[in-house]
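> One structure follows; several queries about it will come next.
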Amino acid sequence: MFPTTAHGAHAARHAAADSMSTAFLLIAELTANAALHGQVRGRNARLVLTLTPATLRIKVTDARGERQPVPAPATDADGGSGRGLLLVASLADAWGCAAHPPGGKTVWAECARRAPLRPAGAGDGVALLTGSSTEGAPSLGRS
């Protein structure tokens with residue numbers, strides 16, 4: 001909630017921008033990893049965002065189940081890449097990887113919602129945003 005004043009709207013915009021920039025960084029890293037490490041010719045990756053009253057859950061599924069994500073050691077200063085999962089681990093409240101049959105994997109990250117985005121009692125709907133590299137623009141749905 002925010003006061004219906006210019007200052008209140010300003011504060012709400014900044015709070016939303018902070019939350020969205022964290023989610024954006026997590027989405028960017030997980031999708032980049034799927035494109036780099038999960039690529040299989042003729043197969044797409046999938047992004048699913050699930051918003052609940054408590055969390056935003058980001059899931060990226062690719063076709064390379066045999067290539068499990070492994071964070072690079074924090075002390076590996078010489079590598080030009082490979083530290084993205086350290087970023088995921090530091091930004092997300094939780095993250096992990098699960099098998100996705102028949103041979104893929106889903107890497108997920110969760111961000112706890114710091115403040116409600118709607119008044120209490122406004123419903124418990126779940127918003128989903130899905131898309132793939134060949135579907136064009138993502139679509140927004142309710143379930």
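Labels for the structure tokens follow display order: chains A, B, ..., residues from 1 in each chain, ligands from 1.
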Tell me which protein, DNA and RNA residues are within 10 Å of range 28-40 of chain A, counting only C-alpha atoms, leaving out same-chain ones fewer than 6 positions away, and put them as a list in words.
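In the requested form, the answer reads Thr22, Arg46, Leu47, Ile58, Lys59, Val60, Thr61, Asp62, Ala63, Arg64, Gly65, Glu66, Arg67, Gln68, Pro69, Gly82, Arg83, Gly84, Leu85, Leu87, Val88, Gly104, Lys105, Thr106, Val107, Trp108, Ala109 and Ser133 of chain A.
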> Name all residues at most 7 Å from Asp93 in chain A (count only C-alpha atoms; drop same-chain ones fewer than 5 positions away) and give them as a PyMOL selection string.
chain A and resi 110-112
> Could you take the residues named above and write them with all heavy atoms, as an mmCIF file, in the first residue's frame?

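Saved file part22.cif follows:
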```
data_model
loop_
_atom_site.group_PDB
_atom_site.id
_atom_site.type_symbol
_atom_site.label_atom_id
_atom_site.label_comp_id
_atom_site.auth_asym_id
_atom_site.auth_seq_id
_atom_site.Cartn_x
_atom_site.Cartn_y
_atom_site.Cartn_z
ATOM 1 N N GLU A 110 13.567 -18.251 -6.781
ATOM 2 C CA GLU A 110 12.428 -17.606 -6.138
ATOM 3 C C GLU A 110 12.856 -16.316 -5.461
ATOM 4 O O GLU A 110 13.929 -16.245 -4.868
ATOM 5 C CB GLU A 110 11.810 -18.510 -5.065
ATOM 6 C CG GLU A 110 11.024 -19.657 -5.621
ATOM 7 C CD GLU A 110 10.331 -20.462 -4.553
ATOM 8 O OE1 GLU A 110 10.626 -20.289 -3.348
ATOM 9 O OE2 GLU A 110 9.489 -21.288 -4.921
ATOM 10 N N CYS A 111 11.978 -15.325 -5.570
ATOM 11 C CA CYS A 111 12.150 -14.055 -4.872
ATOM 12 C C CYS A 111 10.935 -13.871 -3.980
ATOM 13 O O CYS A 111 9.796 -13.882 -4.478
ATOM 14 C CB CYS A 111 12.207 -12.887 -5.850
ATOM 15 S SG CYS A 111 13.586 -12.948 -6.981
ATOM 16 N N ALA A 112 11.158 -13.722 -2.693
ATOM 17 C CA ALA A 112 10.048 -13.459 -1.783
ATOM 18 C C ALA A 112 9.520 -12.069 -2.058
ATOM 19 O O ALA A 112 10.294 -11.138 -2.297
ATOM 20 C CB ALA A 112 10.496 -13.580 -0.329
#
```
> Kindly give the distance, in Å, that separates CA of Trp95 in chain A and CA of Arg57 in chain A, rounded to a single decimal.
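For CA of Trp95 in chain A relative to CA of Arg57 in chain A, the distance reads 9.2 Å.
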> Report the residues of range 4-104 of chain A whose backbone DSSP state falls under strand (DSSP E or B), written as JSON, numbers by chain.
{"A": [46, 47, 48, 49, 50, 51, 55, 56, 57, 58, 59, 60, 61, 62, 94, 95, 96, 97, 98, 99, 100, 104]}
> I'd like the neighbourhood of Arg114 in chain A as number ranges by chain, where a residue qualifies if any of its atoms comes within 10 Å (using only C-alpha atoms), though same-chain residues fewer than 6 positions away should be ignored.
A: 15, 19, 54-55
> Write the selection just made, keeping N, CA, C and O atoms, as an mmCIF file, in the first residue's frame?

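Contents of part_11.cif, as written:
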```
data_model
loop_
_atom_site.group_PDB
_atom_site.id
_atom_site.type_symbol
_atom_site.label_atom_id
_atom_site.label_comp_id
_atom_site.auth_asym_id
_atom_site.auth_seq_id
_atom_site.Cartn_x
_atom_site.Cartn_y
_atom_site.Cartn_z
ATOM 1 N N ALA A 15 10.030 1.347 -5.339
ATOM 2 C CA ALA A 15 9.983 0.012 -4.726
ATOM 3 C C ALA A 15 9.730 -1.054 -5.791
ATOM 4 O O ALA A 15 10.361 -2.114 -5.796
ATOM 5 N N SER A 19 12.313 -4.199 -7.078
ATOM 6 C CA SER A 19 11.879 -5.599 -7.140
ATOM 7 C C SER A 19 11.996 -6.143 -8.552
ATOM 8 O O SER A 19 12.458 -7.266 -8.765
ATOM 9 N N ALA A 54 3.096 -14.849 -1.986
ATOM 10 C CA ALA A 54 4.345 -14.838 -1.221
ATOM 11 C C ALA A 54 5.606 -14.717 -2.066
ATOM 12 O O ALA A 54 6.610 -14.194 -1.596
ATOM 13 N N THR A 55 5.594 -15.210 -3.315
ATOM 14 C CA THR A 55 6.836 -15.262 -4.088
ATOM 15 C C THR A 55 6.615 -15.030 -5.581
ATOM 16 O O THR A 55 5.517 -15.193 -6.099
#
```
